[in-house]
file coords-v5.cif (mmCIF, C-alpha atoms)
data_run
loop_
_atom_site.label_atom_id
_atom_site.label_comp_id
_atom_site.auth_asym_id
_atom_site.auth_seq_id
_atom_site.Cartn_x
_atom_site.Cartn_y
_atom_site.Cartn_z
CA MET A 273 -83.04 -49.55 -128.27
CA ALA A 274 -85.92 -51.13 -126.46
CA THR A 275 -85.85 -51.77 -122.78
CA ALA A 276 -88.19 -54.36 -121.38
CA GLN A 277 -88.72 -52.76 -118.01
CA VAL A 278 -92.37 -52.85 -117.02
CA THR A 279 -93.67 -50.21 -114.66
CA ARG A 280 -97.15 -49.88 -113.31
CA SER A 281 -98.45 -47.46 -110.78
CA ARG A 282 -100.78 -48.52 -108.02
CA GLU A 283 -101.47 -44.84 -107.52
CA ALA A 284 -103.51 -44.53 -110.69
CA VAL A 285 -105.61 -47.48 -109.70
CA ASP A 286 -106.19 -46.33 -106.13
CA HIS A 287 -106.99 -42.69 -106.95
CA PRO A 288 -108.87 -42.66 -110.23
CA ALA A 289 -110.55 -39.26 -109.93
CA ARG A 290 -107.94 -36.67 -109.05
CA LYS A 291 -108.82 -33.14 -109.97
CA MET A 292 -107.28 -30.32 -111.97
CA ALA A 293 -108.86 -26.88 -111.71
CA LEU A 294 -107.98 -24.10 -114.16
CA PHE A 295 -109.15 -20.54 -113.59
CA ALA A 296 -108.79 -19.03 -117.07
CA HIS A 297 -108.71 -15.24 -117.01
CA SER A 298 -106.49 -14.09 -119.87
CA GLY A 299 -107.87 -14.11 -123.38
CA THR A 300 -104.73 -13.76 -125.44
CA TYR A 301 -103.82 -16.75 -127.60
CA ASP A 302 -100.63 -17.56 -125.71
CA HIS A 303 -102.46 -17.87 -122.39
CA LEU A 304 -105.45 -19.69 -123.81
CA TYR A 305 -103.11 -22.23 -125.38
CA GLN A 306 -101.73 -23.09 -121.94
CA THR A 307 -105.21 -23.48 -120.52
CA VAL A 308 -106.32 -25.82 -123.29
CA ALA A 309 -103.04 -27.77 -123.47
CA LEU A 310 -103.07 -28.45 -119.73
CA ALA A 311 -106.71 -29.49 -119.88
CA ALA A 312 -105.91 -31.90 -122.74
CA SER A 313 -102.90 -33.40 -120.94
CA GLY A 314 -104.87 -33.63 -117.72
CA ALA A 315 -107.77 -35.38 -119.40
CA ALA A 316 -105.40 -37.79 -121.11
CA MET A 317 -103.80 -38.60 -117.75
CA GLY A 318 -107.09 -39.32 -116.05
CA PHE A 319 -107.62 -36.07 -114.18
CA GLU A 320 -111.12 -34.75 -113.67
CA VAL A 321 -110.63 -31.31 -115.24
CA HIS A 322 -112.64 -28.21 -114.31
CA ILE A 323 -112.13 -24.99 -116.30
CA PHE A 324 -113.65 -21.71 -115.16
CA LEU A 325 -113.74 -19.18 -118.00
CA SER A 326 -113.78 -15.63 -116.71
CA PHE A 327 -113.22 -12.16 -118.13
CA TRP A 328 -111.05 -12.15 -121.27
CA ALA A 329 -110.87 -15.91 -121.61
CA LEU A 330 -114.64 -16.20 -121.75
CA ARG A 331 -115.04 -13.18 -124.02
CA ARG A 332 -112.49 -14.56 -126.44
CA LEU A 333 -113.83 -18.11 -126.61
CA ALA A 334 -117.49 -17.10 -126.69
CA LYS A 335 -117.36 -14.16 -129.07
CA GLU A 336 -114.14 -14.21 -131.08
CA ASP A 337 -111.82 -16.31 -133.23
CA ALA A 338 -109.90 -18.36 -130.67
CA ASP A 339 -106.94 -19.00 -132.98
CA ARG A 340 -106.04 -15.47 -134.02
CA VAL A 341 -102.55 -15.14 -132.60
CA ASP A 342 -102.32 -12.27 -130.17
CA VAL A 343 -100.18 -11.71 -127.10
CA PRO A 344 -100.06 -9.40 -124.07
CA ALA A 345 -98.40 -6.01 -124.52
CA TYR A 346 -95.10 -7.16 -123.02
CA ALA A 347 -94.71 -9.72 -125.81
CA ALA A 348 -96.03 -7.61 -128.70
CA ALA A 349 -92.63 -7.54 -130.44
CA ARG A 350 -92.67 -11.36 -130.59
CA ARG A 351 -96.21 -11.87 -131.89
CA GLU A 352 -95.19 -12.76 -135.47
CA GLU A 353 -92.56 -15.15 -134.16
CA LEU A 354 -95.26 -17.01 -132.26
CA GLU A 355 -97.54 -17.05 -135.30
CA ARG A 356 -94.80 -18.60 -137.46
CA GLY A 357 -93.80 -21.05 -134.75
CA ARG A 358 -97.35 -22.22 -134.25
CA LYS A 359 -97.60 -23.22 -137.92
CA GLU A 360 -94.26 -25.02 -137.85
CA ALA A 361 -95.18 -26.89 -134.66
CA ARG A 362 -98.54 -27.90 -136.20
CA LEU A 363 -100.47 -26.83 -133.12
CA PRO A 364 -104.12 -27.78 -133.53
CA PRO A 365 -106.90 -25.18 -133.28
CA LEU A 366 -107.79 -24.47 -129.65
CA ARG A 367 -111.43 -25.47 -129.95
CA LYS A 368 -110.43 -28.78 -131.53
CA MET A 369 -107.93 -29.44 -128.75
CA LEU A 370 -110.62 -28.70 -126.17
CA GLU A 371 -113.10 -30.99 -127.93
CA ASP A 372 -110.46 -33.74 -128.08
CA ALA A 373 -109.83 -33.29 -124.36
CA LYS A 374 -113.53 -33.69 -123.66
CA SER A 375 -113.65 -36.85 -125.73
CA ILE A 376 -110.89 -38.58 -123.76
CA GLY A 377 -111.71 -37.56 -120.21
CA PRO A 378 -114.05 -35.73 -117.89
CA VAL A 379 -113.56 -32.05 -118.76
CA THR A 380 -116.18 -29.57 -117.63
CA VAL A 381 -116.09 -25.95 -118.76
CA TYR A 382 -117.89 -23.22 -116.83
CA ALA A 383 -118.80 -19.70 -117.96
CA CYS A 384 -118.52 -16.98 -115.31
CA SER A 385 -121.92 -15.32 -115.00
CA THR A 386 -120.45 -11.94 -114.02
CA SER A 387 -118.15 -11.96 -117.06
CA MET A 388 -121.15 -12.74 -119.28
CA LYS A 389 -122.88 -9.63 -117.92
CA LEU A 390 -119.75 -7.48 -118.25
CA PHE A 391 -119.15 -8.35 -121.89
CA GLY A 392 -122.66 -9.00 -123.09
CA VAL A 393 -122.03 -12.71 -123.64
CA THR A 394 -125.40 -14.36 -124.25
CA GLU A 395 -126.36 -17.74 -122.86
CA ALA A 396 -126.22 -19.17 -126.40
CA GLU A 397 -122.71 -17.77 -126.94
CA ALA A 398 -121.53 -19.11 -123.58
CA ARG A 399 -122.96 -22.54 -124.34
CA LYS A 400 -120.83 -22.79 -127.47
CA VAL A 401 -117.82 -23.33 -125.24
CA ALA A 402 -119.13 -23.92 -121.70
CA ASP A 403 -121.20 -26.70 -120.21
CA GLU A 404 -122.63 -24.59 -117.41
CA VAL A 405 -122.95 -20.99 -116.23
CA LEU A 406 -121.50 -20.71 -112.75
CA GLY A 407 -120.34 -18.36 -110.00
CA THR A 408 -117.03 -18.53 -108.22
CA ALA A 409 -118.44 -20.12 -105.06
CA ALA A 410 -119.87 -23.02 -107.02
CA PHE A 411 -116.62 -23.32 -108.98
CA LEU A 412 -114.59 -23.49 -105.77
CA ASP A 413 -116.95 -26.17 -104.58
CA ARG A 414 -116.49 -28.18 -107.79
CA ALA A 415 -112.73 -27.69 -107.57
CA GLN A 416 -112.48 -28.75 -103.94
CA GLY A 417 -109.58 -31.14 -103.40
CA ALA A 418 -107.89 -30.32 -106.72
CA GLU A 419 -104.21 -31.21 -106.61
CA VAL A 420 -103.53 -28.86 -109.52
CA PHE A 421 -105.14 -25.43 -109.31
CA LEU A 422 -103.92 -22.73 -111.65
CA PHE A 423 -104.79 -19.16 -112.53
CA ILE A 424 -103.97 -18.56 -116.17
CA MET B 301 -80.70 -56.25 -125.39
CA ALA B 302 -84.42 -56.88 -125.04
CA PRO B 303 -86.35 -57.54 -128.22
CA ARG B 304 -88.65 -54.87 -129.62
CA PRO B 305 -92.21 -55.52 -128.49
CA ARG B 306 -94.53 -56.50 -131.33
CA PRO B 307 -97.21 -53.78 -131.60
CA ASP B 308 -100.89 -54.41 -132.27
CA GLU B 309 -101.50 -50.74 -133.13
CA THR B 310 -99.37 -47.81 -134.23
CA VAL B 311 -99.99 -44.15 -133.45
CA ASP B 312 -98.05 -41.78 -135.70
CA ALA B 313 -97.50 -38.52 -133.82
CA LEU B 314 -94.39 -37.51 -135.80
CA GLY B 315 -94.29 -33.77 -136.29
CA TYR B 316 -96.65 -33.00 -133.44
CA MET B 317 -95.73 -31.22 -130.24
CA CYS B 318 -96.94 -31.51 -126.64
CA PRO B 319 -99.70 -32.17 -125.71
CA VAL B 320 -100.83 -33.69 -129.03
CA PRO B 321 -98.83 -36.97 -128.91
CA ILE B 322 -100.17 -37.81 -125.44
CA VAL B 323 -103.72 -37.00 -126.47
CA MET B 324 -103.37 -39.19 -129.59
CA LEU B 325 -101.94 -41.99 -127.47
CA ALA B 326 -104.73 -41.74 -124.90
CA GLU B 327 -107.39 -41.80 -127.63
CA ARG B 328 -105.97 -44.95 -129.21
CA VAL B 329 -105.27 -46.83 -125.99
CA ARG B 330 -108.84 -46.18 -124.90
CA GLU B 331 -110.10 -47.95 -128.03
CA VAL B 332 -108.01 -51.13 -127.80
CA GLU B 333 -108.57 -54.19 -125.64
CA GLY B 334 -106.56 -54.85 -122.48
CA GLY B 335 -103.26 -56.62 -123.13
CA LYS B 336 -102.76 -55.05 -126.58
CA VAL B 337 -99.49 -53.25 -127.31
CA VAL B 338 -99.68 -49.77 -128.79
CA GLU B 339 -96.63 -48.30 -130.52
CA LEU B 340 -96.25 -44.51 -130.49
CA LEU B 341 -94.01 -42.73 -132.99
CA ALA B 342 -92.99 -39.24 -131.91
CA ASP B 343 -90.23 -36.68 -132.42
CA ASP B 344 -91.20 -34.25 -129.68
CA PRO B 345 -88.31 -34.76 -127.21
CA ALA B 346 -90.74 -34.13 -124.32
CA ALA B 347 -92.33 -37.49 -125.09
CA LYS B 348 -89.34 -39.24 -123.46
CA GLU B 349 -90.67 -38.16 -120.07
CA ASP B 350 -94.33 -37.59 -120.93
CA VAL B 351 -95.06 -41.12 -122.11
CA PRO B 352 -93.72 -42.93 -119.00
CA ALA B 353 -95.49 -40.34 -116.81
CA TRP B 354 -98.74 -40.95 -118.66
CA CYS B 355 -98.33 -44.69 -118.17
CA ARG B 356 -97.66 -44.31 -114.43
CA ARG B 357 -100.66 -42.07 -114.08
CA THR B 358 -103.11 -44.19 -116.04
CA GLY B 359 -101.88 -47.58 -114.83
CA ASN B 360 -100.84 -48.83 -118.28
CA ASP B 361 -97.56 -50.69 -118.74
CA TYR B 362 -94.60 -48.80 -120.16
CA LEU B 363 -92.63 -51.37 -122.12
CA GLY B 364 -89.83 -49.08 -123.23
CA MET B 365 -88.52 -46.75 -125.89
CA GLY B 366 -86.38 -46.99 -128.97
CA ALA B 367 -84.55 -44.08 -130.63
CA ASP B 368 -83.39 -43.61 -134.18
CA GLY B 369 -81.87 -40.14 -134.12
CA ASP B 370 -84.67 -37.75 -133.16
CA ARG B 371 -87.32 -40.28 -134.07
CA LEU B 372 -88.63 -42.01 -130.97
CA THR B 373 -90.69 -45.17 -130.68
CA PHE B 374 -92.54 -46.07 -127.49
CA TRP B 375 -94.32 -49.29 -126.59
CA ILE B 376 -97.26 -49.27 -124.22
CA LYS B 377 -99.29 -52.25 -123.12
CA LYS B 378 -102.86 -51.50 -122.15
CA ALA B 379 -103.59 -52.67 -118.62
#

call {"tool": "encode", "arguments": {"input": "coords-v5.cif", "output": "structure tokens"}}
result
Amino acid sequence: MATAQVTRSREAVDHPARKMALFAHSGTYDHLYQTVALAASGAAMGFEVHIFLSFWALRRLAKEDADRVDVPAYAAARREELERGRKEARLPPLRKMLEDAKSIGPVTVYACSTSMKLFGVTEAEARKVADEVLGTAAFLDRAQGAEVFLFI
Amino acid sequence: MAPRPRPDETVDALGYMCPVPIVMLAERVREVEGGKVVELLADDPAAKEDVPAWCRRTGNDYLGMGADGDRLTFWIKKA
């Protein structure tokens, strides 16, 4: 049952603004879930989270239904399994999870300008999911010092 | 055995999987005053490690955990 041990970290107090940077490339549901779930956990834990949406991730979130379950070719045979499992696990919609993340911590989402050009993503479409339109140099600058930096 | 802490607030995350319980906890703890005890109900086994990690990271006090089968109860005191 309950243990009364009290733990408190000085670390969190001394380093309040540690960064997480996520370079989101893949636009299939399984990859996007990881991007959004890590952003939500990071925000909840006090990370300053920066998400760069490029290529398929941007196209998907700006122009398509984010929660249609699809997977890369290597996992095609397991797509229905994931769709069933998602319902049983009560996973929230991705946009809702991203909005929740933004409400609990500093999460900034960037739209890759080159990807917008490649896929005809308009400024209005990009703004539905992203806070800013950015290039990679500016993203690397924003992400400088990130202790977690992932390509997803 | 230590007594169960008396919660001021309860967050029911039963049936939800990572990262939802931690996000629900963070949302509620943000709203309460310092010194209040928040109780989190969860059955995602990952919460056993996630909740203490979240407390270490955010500087809140982890008061402990109780288990009734798969049903877990955590107590967190807002710093």

call {"tool": "interface_residues", "arguments": {"input": "coords-v5.cif", "of": "chain B", "to": "chain A", "cutoff": "10 Å", "atoms": "all atoms listed in the file", "output": "ChimeraX atom specification"}}
result
/B:301-305,315-328,330,344,350,352-368,372-377,379

call {"tool": "closest_residue", "arguments": {"input": "coords-v5.cif", "among": "A:Ala289, A:Ala338, A:Val393, A:Val401", "to": "A:Glu371", "atoms": "only C-alpha atoms"}}
result
A:Val401

call {"tool": "atom_distance", "arguments": {"input": "coords-v5.cif", "atom1": "atom CA of A:Leu330", "atom2": "atom CA of A:Pro378"}}
result
19.9 Å

call {"tool": "residues_around", "arguments": {"input": "coords-v5.cif", "residues": "B:Val332", "least_positions_apart": "3", "cutoff": "10 Å", "atoms": "all atoms listed in the file", "output": "VMD selection string"}}
result
chain B and resid 308 to 309 327 to 329 335 to 338 377 to 378

call {"tool": "atom_distance", "arguments": {"input": "coords-v5.cif", "atom1": "atom CA of B:Val311", "atom2": "atom CA of B:Arg371"}}
result
13.3 Å

call {"tool": "residues_around", "arguments": {"input": "coords-v5.cif", "residues": "A:Asp403", "least_positions_apart": "2", "cutoff": "8 Å", "atoms": "only C-alpha atoms", "output": "list of chain:residue names"}}
result
A:Thr380, A:Val381, A:Tyr382, A:Ala383, A:Arg399, A:Val401, A:Val405

call {"tool": "resolve_selection", "arguments": {"input": "coords-v5.cif", "expression": "the PyMOL selection byres ((chain A and resi 355-357) around 12)", "output": "PDB file with C-alpha atoms, in the coordinates of the input"}}
result
ATOM      1  CA  TYR A 301    -103.820 -16.750-127.600  1.00  0.00           C
ATOM      2  CA  ASP A 302    -100.630 -17.560-125.710  1.00  0.00           C
ATOM      3  CA  ASP A 339    -106.940 -19.000-132.980  1.00  0.00           C
ATOM      4  CA  ARG A 340    -106.040 -15.470-134.020  1.00  0.00           C
ATOM      5  CA  VAL A 341    -102.550 -15.140-132.600  1.00  0.00           C
ATOM      6  CA  ASP A 342    -102.320 -12.270-130.170  1.00  0.00           C
ATOM      7  CA  VAL A 343    -100.180 -11.710-127.100  1.00  0.00           C
ATOM      8  CA  ALA A 348     -96.030  -7.610-128.700  1.00  0.00           C
ATOM      9  CA  ALA A 349     -92.630  -7.540-130.440  1.00  0.00           C
ATOM     10  CA  ARG A 350     -92.670 -11.360-130.590  1.00  0.00           C
ATOM     11  CA  ARG A 351     -96.210 -11.870-131.890  1.00  0.00           C
ATOM     12  CA  GLU A 352     -95.190 -12.760-135.470  1.00  0.00           C
ATOM     13  CA  GLU A 353     -92.560 -15.150-134.160  1.00  0.00           C
ATOM     14  CA  LEU A 354     -95.260 -17.010-132.260  1.00  0.00           C
ATOM     15  CA  ARG A 358     -97.350 -22.220-134.250  1.00  0.00           C
ATOM     16  CA  LYS A 359     -97.600 -23.220-137.920  1.00  0.00           C
ATOM     17  CA  GLU A 360     -94.260 -25.020-137.850  1.00  0.00           C
ATOM     18  CA  ALA A 361     -95.180 -26.890-134.660  1.00  0.00           C
ATOM     19  CA  ARG A 362     -98.540 -27.900-136.200  1.00  0.00           C
ATOM     20  CA  LEU A 363    -100.470 -26.830-133.120  1.00  0.00           C
TER      21      LEU A 363
ATOM     22  CA  MET B 317     -95.730 -31.220-130.240  1.00  0.00           C
TER      23      MET B 317
END

call {"tool": "atom_distance", "arguments": {"input": "coords-v5.cif", "atom1": "atom CA of A:Lys291", "atom2": "atom CA of B:Glu349"}}
result
21.4 Å

call {"tool": "residues_near_point", "arguments": {"input": "coords-v5.cif", "point": "(-96.6, -48.4, -136.6)", "cutoff": "8 Å", "atoms": "all atoms listed in the file", "output": "MDAnalysis selection string"}}
result
chainID B and resid 307 309:312 339:341

call {"tool": "residues_around", "arguments": {"input": "coords-v5.cif", "residues": "A:Trp328", "least_positions_apart": "4", "cutoff": "9 Å", "atoms": "all atoms listed in the file", "output": "list in words"}}
result
Ala296, His297, Ser298, Gly299, Thr300, Arg332, Leu333, Ser387 and Phe391 of chain A

call {"tool": "decode", "arguments": {"input": "coords-v5.cif", "residues": "stretch 310-367 of chain B", "atoms": "C-alpha atoms", "output": "compact mmCIF listing (two decimals), in the first residue's frame"}}
result
# COMPACT_ATOMS: atom_id res chain seq x y z
CA THR B 310 -8.87 13.02 -7.54
CA VAL B 311 -7.94 12.46 -11.18
CA ASP B 312 -9.56 9.38 -12.70
CA ALA B 313 -7.35 8.13 -15.53
CA LEU B 314 -8.60 4.52 -15.36
CA GLY B 315 -8.76 3.01 -18.82
CA TYR B 316 -6.37 5.50 -20.37
CA MET B 317 -2.91 4.71 -21.68
CA CYS B 318 0.34 6.68 -21.83
CA PRO B 319 0.65 9.62 -22.20
CA VAL B 320 -2.93 10.49 -21.21
CA PRO B 321 -2.69 9.84 -17.43
CA ILE B 322 0.38 12.09 -17.11
CA VAL B 323 -1.26 14.82 -19.16
CA MET B 324 -4.42 14.62 -17.01
CA LEU B 325 -2.29 14.75 -13.86
CA ALA B 326 -0.31 17.75 -15.09
CA GLU B 327 -3.50 19.61 -16.01
CA ARG B 328 -5.03 19.09 -12.57
CA VAL B 329 -1.89 19.80 -10.55
CA ARG B 330 -1.48 23.06 -12.44
CA GLU B 331 -4.92 24.17 -11.26
CA VAL B 332 -4.55 23.42 -7.54
CA GLU B 333 -2.79 25.47 -4.87
CA GLY B 334 0.63 24.53 -3.52
CA GLY B 335 0.50 22.01 -0.68
CA LYS B 336 -2.65 20.28 -1.98
CA VAL B 337 -2.58 16.51 -2.48
CA VAL B 338 -3.78 15.14 -5.79
CA GLU B 339 -4.75 11.48 -6.08
CA LEU B 340 -4.34 9.81 -9.48
CA LEU B 341 -6.20 6.60 -10.34
CA ALA B 342 -4.66 4.67 -13.22
CA ASP B 343 -4.41 1.16 -14.61
CA ASP B 344 -1.73 1.76 -17.21
CA PRO B 345 1.21 -0.17 -15.68
CA ALA B 346 3.61 2.43 -17.14
CA ALA B 347 2.27 4.90 -14.58
CA LYS B 348 4.31 3.14 -11.86
CA GLU B 349 7.45 4.69 -13.34
CA ASP B 350 5.94 7.64 -15.19
CA VAL B 351 4.36 9.31 -12.16
CA PRO B 352 7.51 9.38 -9.97
CA ALA B 353 9.51 10.54 -13.03
CA TRP B 354 7.03 13.33 -13.64
CA CYS B 355 7.28 14.38 -10.00
CA ARG B 356 11.09 14.42 -10.09
CA ARG B 357 11.03 16.44 -13.26
CA THR B 358 8.47 19.00 -12.17
CA GLY B 359 9.62 19.33 -8.56
CA ASN B 360 6.35 18.10 -7.04
CA ASP B 361 6.38 15.66 -4.13
CA TYR B 362 5.73 11.99 -4.82
CA LEU B 363 3.99 10.69 -1.73
CA GLY B 364 3.64 7.10 -2.86
CA MET B 365 1.49 4.52 -4.57
CA GLY B 366 -1.13 2.00 -3.59
CA ALA B 367 -2.15 -1.04 -5.66
